[in-house]
Amino acid sequence: MKEKKKPIAILLAVVDLLLIVVFVATFFVGRVEGKKVKPNLDSNFKPNAVTYKEVDQTKEYKIDKQITYDGKSIHTGKASVEPKAELVFPESDKNLLTDEQINEKVKDQETIKLAINEIYARHGYQFTTEEENNHFNQFDWYKNMTKQADMNKVSAEFSETEKSNLEKLQAYSKSKGWS
C-alpha cells in the first residue's frame, strides 16, 4: 500500500512546488516589468542635504511635462499647470526705462497699469481690487511681504529710479489718453 501512495506523494510535492514557483513569480514579476522613471535632476540638486537650508529655495522649477501612471504603464504629456505671469519691467526698480522699452512692451492700457503697479507692489502696496491682488499674489516675493494700504506711505519708499520710471509711465499713459 505504501508503494501506491509514494507516486501520489511525489506528484503532490511536485504540484506544490510548481504552485509555489507560480506564486513567487506572480508576486515579483509584476513589480519588475514596466518602464523605470529616471529623474532629470539639476547638477546642483542635493538629495541628501543634511539640513533644509542647504537646498536652494530660490530656484524656480518650471513644469513642462505631466507624468501619470495608470497601474500598467507610464504616460507623459504636457503639464496642465499654467505658468506664472511675468513682470512687464522686472528691473524698473533698478534701471531707468527708455522710451524704446516702453514703446516695445506697452501696447494697451492694461499693460501700462501693470507696469505702474509693479513699482507699488515691490514695496508691499495692498491693492484694492481682487484682479490686482490675484495678479501679484502669483509672485512669492509679493505674497510673503507685509502689505500697506496707504499709497502715500508706499510711494515715500520709492527710490529716485522708481520715481522717474513712475513719472515716465504715467506721462506715457496720459499721452495715449489712458489716464
# chains A, B, ... in the order shown; residues from 1 in each chain; ligands from 1

call {"tool": "closest_atom_pairs", "arguments": {"of": "segment 126-166 of chain A", "to": "segment 91-111 of chain A", "cutoff": "7 Å", "atoms": "only C-alpha atoms", "output": "CSV"}}
result
residue,atom,partner,partner_atom,distance
A:Thr161,CA,A:Leu96,CA,5.9
A:Glu162,CA,A:Asp93,CA,5.2
A:Asn165,CA,A:Leu97,CA,6.0

call {"tool": "write_last_selection", "arguments": {"atoms": "N, CA and C atoms", "output": "mmCIF file, in the first residue's frame"}}
result
data_model
loop_
_atom_site.group_PDB
_atom_site.id
_atom_site.type_symbol
_atom_site.label_atom_id
_atom_site.label_comp_id
_atom_site.auth_asym_id
_atom_site.auth_seq_id
_atom_site.Cartn_x
_atom_site.Cartn_y
_atom_site.Cartn_z
ATOM 1 N N THR A 161 15.135 106.225 -8.956
ATOM 2 C CA THR A 161 14.897 105.484 -10.208
ATOM 3 C C THR A 161 13.425 105.128 -10.340
ATOM 4 N N GLU A 162 12.827 104.618 -9.269
ATOM 5 C CA GLU A 162 11.408 104.246 -9.306
ATOM 6 C C GLU A 162 10.526 105.469 -9.526
ATOM 7 N N ASN A 165 10.812 106.431 -13.199
ATOM 8 C CA ASN A 165 10.101 105.461 -14.034
ATOM 9 C C ASN A 165 8.592 105.612 -13.897
#

call {"tool": "residues_around", "arguments": {"residues": "segment 170-173 of chain A", "least_positions_apart": "6", "cutoff": "8 Å", "atoms": "only C-alpha atoms", "output": "VMD selection string"}}
result
chain A and resid 109 112 116 179

call {"tool": "write_last_selection", "arguments": {"atoms": "N, CA and C atoms", "output": "mmCIF file, in the first residue's frame"}}
result
data_model
loop_
_atom_site.group_PDB
_atom_site.id
_atom_site.type_symbol
_atom_site.label_atom_id
_atom_site.label_comp_id
_atom_site.auth_asym_id
_atom_site.auth_seq_id
_atom_site.Cartn_x
_atom_site.Cartn_y
_atom_site.Cartn_z
ATOM 1 N N GLN A 109 -3.751 99.768 -22.338
ATOM 2 C CA GLN A 109 -3.941 100.382 -21.023
ATOM 3 C C GLN A 109 -3.687 99.382 -19.898
ATOM 4 N N ILE A 112 0.156 99.108 -19.221
ATOM 5 C CA ILE A 112 0.739 100.267 -18.533
ATOM 6 C C ILE A 112 0.331 100.274 -17.068
ATOM 7 N N ILE A 116 2.964 100.159 -13.906
ATOM 8 C CA ILE A 116 2.935 101.127 -12.799
ATOM 9 C C ILE A 116 2.737 100.402 -11.472
ATOM 10 N N SER A 179 -5.239 107.722 -19.182
ATOM 11 C CA SER A 179 -5.431 108.131 -17.786
ATOM 12 C C SER A 179 -6.092 109.489 -17.689
#

call {"tool": "closest_residue", "arguments": {"among": "A:Lys113, A:Lys72, A:Lys143, A:Lys6", "to": "Phe89 of chain A", "atoms": "only C-alpha atoms"}}
result
A:Lys113

call {"tool": "atom_distance", "arguments": {"atom1": "atom CA of Glu86 of chain A", "atom2": "atom CA of Ala115 of chain A"}}
result
10.7 Å

call {"tool": "residues_around", "arguments": {"residues": "Glu157 of chain A", "least_positions_apart": "5", "cutoff": "10 Å", "atoms": "only C-alpha atoms", "output": "mmCIF file with N, CA, C and O atoms, in the first residue's frame"}}
result
data_model
loop_
_atom_site.group_PDB
_atom_site.id
_atom_site.type_symbol
_atom_site.label_atom_id
_atom_site.label_comp_id
_atom_site.auth_asym_id
_atom_site.auth_seq_id
_atom_site.Cartn_x
_atom_site.Cartn_y
_atom_site.Cartn_z
ATOM 1 N N TYR A 120 4.645 99.783 -7.230
ATOM 2 C CA TYR A 120 3.970 99.804 -5.929
ATOM 3 C C TYR A 120 4.024 98.435 -5.250
ATOM 4 O O TYR A 120 4.226 98.328 -4.042
ATOM 5 N N HIS A 123 6.932 97.375 -3.090
ATOM 6 C CA HIS A 123 7.002 97.983 -1.753
ATOM 7 C C HIS A 123 5.838 97.548 -0.866
ATOM 8 O O HIS A 123 5.618 98.130 0.184
ATOM 9 N N ASN A 152 0.410 106.678 -0.137
ATOM 10 C CA ASN A 152 1.407 107.718 0.138
ATOM 11 C C ASN A 152 2.594 107.173 0.929
ATOM 12 O O ASN A 152 3.740 107.540 0.685
ATOM 13 N N GLU A 162 12.827 104.618 -9.269
ATOM 14 C CA GLU A 162 11.408 104.246 -9.306
ATOM 15 C C GLU A 162 10.526 105.469 -9.526
ATOM 16 O O GLU A 162 9.547 105.402 -10.286
ATOM 17 N N LYS A 163 10.863 106.584 -8.874
ATOM 18 C CA LYS A 163 10.077 107.814 -9.058
ATOM 19 C C LYS A 163 10.136 108.273 -10.514
ATOM 20 O O LYS A 163 9.109 108.631 -11.103
#

call {"tool": "residues_around", "arguments": {"residues": "Phe139 of chain A", "least_positions_apart": "2", "cutoff": "10 Å", "atoms": "only C-alpha atoms", "output": "list in words"}}
result
Lys84, Ala85, Glu86, Leu87, Asn134, His135, Phe136, Asn137, Trp141, Tyr142, Lys143 and Asn144 of chain A

call {"tool": "write_last_selection", "arguments": {"atoms": "all heavy atoms", "output": "mmCIF file, in the first residue's frame"}}
result
data_model
loop_
_atom_site.group_PDB
_atom_site.id
_atom_site.type_symbol
_atom_site.label_atom_id
_atom_site.label_comp_id
_atom_site.auth_asym_id
_atom_site.auth_seq_id
_atom_site.Cartn_x
_atom_site.Cartn_y
_atom_site.Cartn_z
ATOM 1 N N LYS A 84 3.405 81.061 -14.259
ATOM 2 C CA LYS A 84 3.140 82.326 -13.593
ATOM 3 C C LYS A 84 3.346 83.475 -14.571
ATOM 4 O O LYS A 84 4.122 83.382 -15.510
ATOM 5 C CB LYS A 84 4.086 82.501 -12.410
ATOM 6 C CG LYS A 84 3.783 81.600 -11.253
ATOM 7 C CD LYS A 84 4.711 81.914 -10.103
ATOM 8 C CE LYS A 84 4.346 81.072 -8.910
ATOM 9 N NZ LYS A 84 5.142 81.371 -7.756
ATOM 10 N N ALA A 85 2.641 84.557 -14.295
ATOM 11 C CA ALA A 85 2.800 85.756 -15.095
ATOM 12 C C ALA A 85 4.195 86.337 -14.867
ATOM 13 O O ALA A 85 4.839 86.063 -13.868
ATOM 14 C CB ALA A 85 1.732 86.775 -14.702
ATOM 15 N N GLU A 86 4.639 87.139 -15.806
ATOM 16 C CA GLU A 86 5.920 87.799 -15.672
ATOM 17 C C GLU A 86 5.688 89.288 -15.488
ATOM 18 O O GLU A 86 4.643 89.816 -15.850
ATOM 19 C CB GLU A 86 6.775 87.541 -16.907
ATOM 20 C CG GLU A 86 7.161 86.080 -17.048
ATOM 21 C CD GLU A 86 8.086 85.840 -18.238
ATOM 22 O OE1 GLU A 86 8.670 86.806 -18.754
ATOM 23 O OE2 GLU A 86 8.195 84.689 -18.632
ATOM 24 N N LEU A 87 6.673 89.954 -14.938
ATOM 25 C CA LEU A 87 6.587 91.396 -14.776
ATOM 26 C C LEU A 87 6.801 92.065 -16.131
ATOM 27 O O LEU A 87 7.549 91.564 -16.965
ATOM 28 C CB LEU A 87 7.632 91.881 -13.780
ATOM 29 C CG LEU A 87 7.473 91.372 -12.341
ATOM 30 C CD1 LEU A 87 8.635 91.831 -11.485
ATOM 31 C CD2 LEU A 87 6.163 91.847 -11.738
ATOM 32 N N ASN A 134 -4.803 89.166 -7.140
ATOM 33 C CA ASN A 134 -4.557 87.840 -7.720
ATOM 34 C C ASN A 134 -3.324 87.854 -8.618
ATOM 35 O O ASN A 134 -2.524 86.910 -8.615
ATOM 36 C CB ASN A 134 -5.770 87.357 -8.508
ATOM 37 C CG ASN A 134 -6.923 86.963 -7.616
ATOM 38 O OD1 ASN A 134 -6.753 86.725 -6.420
ATOM 39 N ND2 ASN A 134 -8.110 86.905 -8.182
ATOM 40 N N HIS A 135 -3.183 88.927 -9.392
ATOM 41 C CA HIS A 135 -2.023 89.009 -10.296
ATOM 42 C C HIS A 135 -0.713 89.003 -9.497
ATOM 43 O O HIS A 135 0.184 88.203 -9.778
ATOM 44 C CB HIS A 135 -2.100 90.268 -11.172
ATOM 45 C CG HIS A 135 -0.879 90.459 -12.001
ATOM 46 N ND1 HIS A 135 -0.612 89.694 -13.118
ATOM 47 C CD2 HIS A 135 0.185 91.300 -11.861
ATOM 48 C CE1 HIS A 135 0.548 90.063 -13.630
ATOM 49 N NE2 HIS A 135 1.051 91.045 -12.895
ATOM 50 N N PHE A 136 -0.610 89.872 -8.513
ATOM 51 C CA PHE A 136 0.663 89.988 -7.791
ATOM 52 C C PHE A 136 0.866 88.862 -6.778
ATOM 53 O O PHE A 136 2.011 88.545 -6.437
ATOM 54 C CB PHE A 136 0.806 91.371 -7.153
ATOM 55 C CG PHE A 136 1.059 92.436 -8.194
ATOM 56 C CD1 PHE A 136 0.072 93.321 -8.562
ATOM 57 C CD2 PHE A 136 2.280 92.500 -8.842
ATOM 58 C CE1 PHE A 136 0.305 94.276 -9.546
ATOM 59 C CE2 PHE A 136 2.528 93.443 -9.831
ATOM 60 C CZ PHE A 136 1.533 94.340 -10.180
ATOM 61 N N ASN A 137 -0.192 88.220 -6.330
ATOM 62 C CA ASN A 137 -0.038 87.081 -5.416
ATOM 63 C C ASN A 137 0.549 85.856 -6.112
ATOM 64 O O ASN A 137 0.880 84.868 -5.460
ATOM 65 C CB ASN A 137 -1.364 86.731 -4.740
ATOM 66 C CG ASN A 137 -1.611 87.573 -3.514
ATOM 67 O OD1 ASN A 137 -0.686 87.938 -2.799
ATOM 68 N ND2 ASN A 137 -2.870 87.885 -3.260
ATOM 69 N N TRP A 141 7.514 86.705 -3.746
ATOM 70 C CA TRP A 141 8.089 87.883 -3.102
ATOM 71 C C TRP A 141 6.996 88.860 -2.667
ATOM 72 O O TRP A 141 7.156 89.551 -1.675
ATOM 73 C CB TRP A 141 9.113 88.583 -3.996
ATOM 74 C CG TRP A 141 8.595 89.016 -5.348
ATOM 75 C CD1 TRP A 141 8.741 88.321 -6.521
ATOM 76 C CD2 TRP A 141 7.867 90.204 -5.675
ATOM 77 N NE1 TRP A 141 8.146 88.998 -7.546
ATOM 78 C CE2 TRP A 141 7.596 90.174 -7.048
ATOM 79 C CE3 TRP A 141 7.406 91.294 -4.941
ATOM 80 C CZ2 TRP A 141 6.902 91.175 -7.710
ATOM 81 C CZ3 TRP A 141 6.701 92.298 -5.604
ATOM 82 C CH2 TRP A 141 6.465 92.243 -6.964
ATOM 83 N N TYR A 142 5.881 88.911 -3.403
ATOM 84 C CA TYR A 142 4.786 89.816 -3.032
ATOM 85 C C TYR A 142 3.880 89.153 -1.990
ATOM 86 O O TYR A 142 3.511 89.763 -0.990
ATOM 87 C CB TYR A 142 3.967 90.219 -4.255
ATOM 88 C CG TYR A 142 2.804 91.125 -3.910
ATOM 89 C CD1 TYR A 142 3.010 92.470 -3.645
ATOM 90 C CD2 TYR A 142 1.508 90.626 -3.813
ATOM 91 C CE1 TYR A 142 1.957 93.312 -3.305
ATOM 92 C CE2 TYR A 142 0.454 91.454 -3.479
ATOM 93 C CZ TYR A 142 0.680 92.790 -3.225
ATOM 94 O OH TYR A 142 -0.367 93.614 -2.873
ATOM 95 N N LYS A 143 3.549 87.917 -2.245
ATOM 96 C CA LYS A 143 2.618 87.196 -1.377
ATOM 97 C C LYS A 143 3.117 87.158 0.067
ATOM 98 O O LYS A 143 2.337 87.235 1.008
ATOM 99 C CB LYS A 143 2.430 85.772 -1.914
ATOM 100 C CG LYS A 143 1.394 84.972 -1.196
ATOM 101 C CD LYS A 143 1.219 83.537 -1.672
ATOM 102 C CE LYS A 143 1.913 83.147 -2.907
ATOM 103 N NZ LYS A 143 1.716 81.780 -3.327
ATOM 104 N N ASN A 144 4.424 87.051 0.239
ATOM 105 C CA ASN A 144 5.002 86.862 1.569
ATOM 106 C C ASN A 144 5.446 88.148 2.255
ATOM 107 O O ASN A 144 6.071 88.092 3.301
ATOM 108 C CB ASN A 144 6.181 85.889 1.472
ATOM 109 C CG ASN A 144 5.735 84.519 1.015
ATOM 110 O OD1 ASN A 144 4.648 84.072 1.348
ATOM 111 N ND2 ASN A 144 6.560 83.854 0.237
#

call {"tool": "closest_residue", "arguments": {"among": "A:Ser155, A:Ser73, A:Ser164, A:Ser43", "to": "Tyr125 of chain A", "atoms": "only C-alpha atoms"}}
result
A:Ser155

call {"tool": "atom_distance", "arguments": {"atom1": "atom CA of Gly124 of chain A", "atom2": "atom CA of Ala149 of chain A"}}
result
8.5 Å

call {"tool": "atom_distance", "arguments": {"atom1": "atom CA of Glu160 of chain A", "atom2": "atom CA of Glu118 of chain A"}}
result
15.5 Å

call {"tool": "closest_residue", "arguments": {"among": "A:Thr68, A:Asp42, A:Val154, A:Asn117", "to": "Thr129 of chain A", "atoms": "only C-alpha atoms"}}
result
A:Asn117
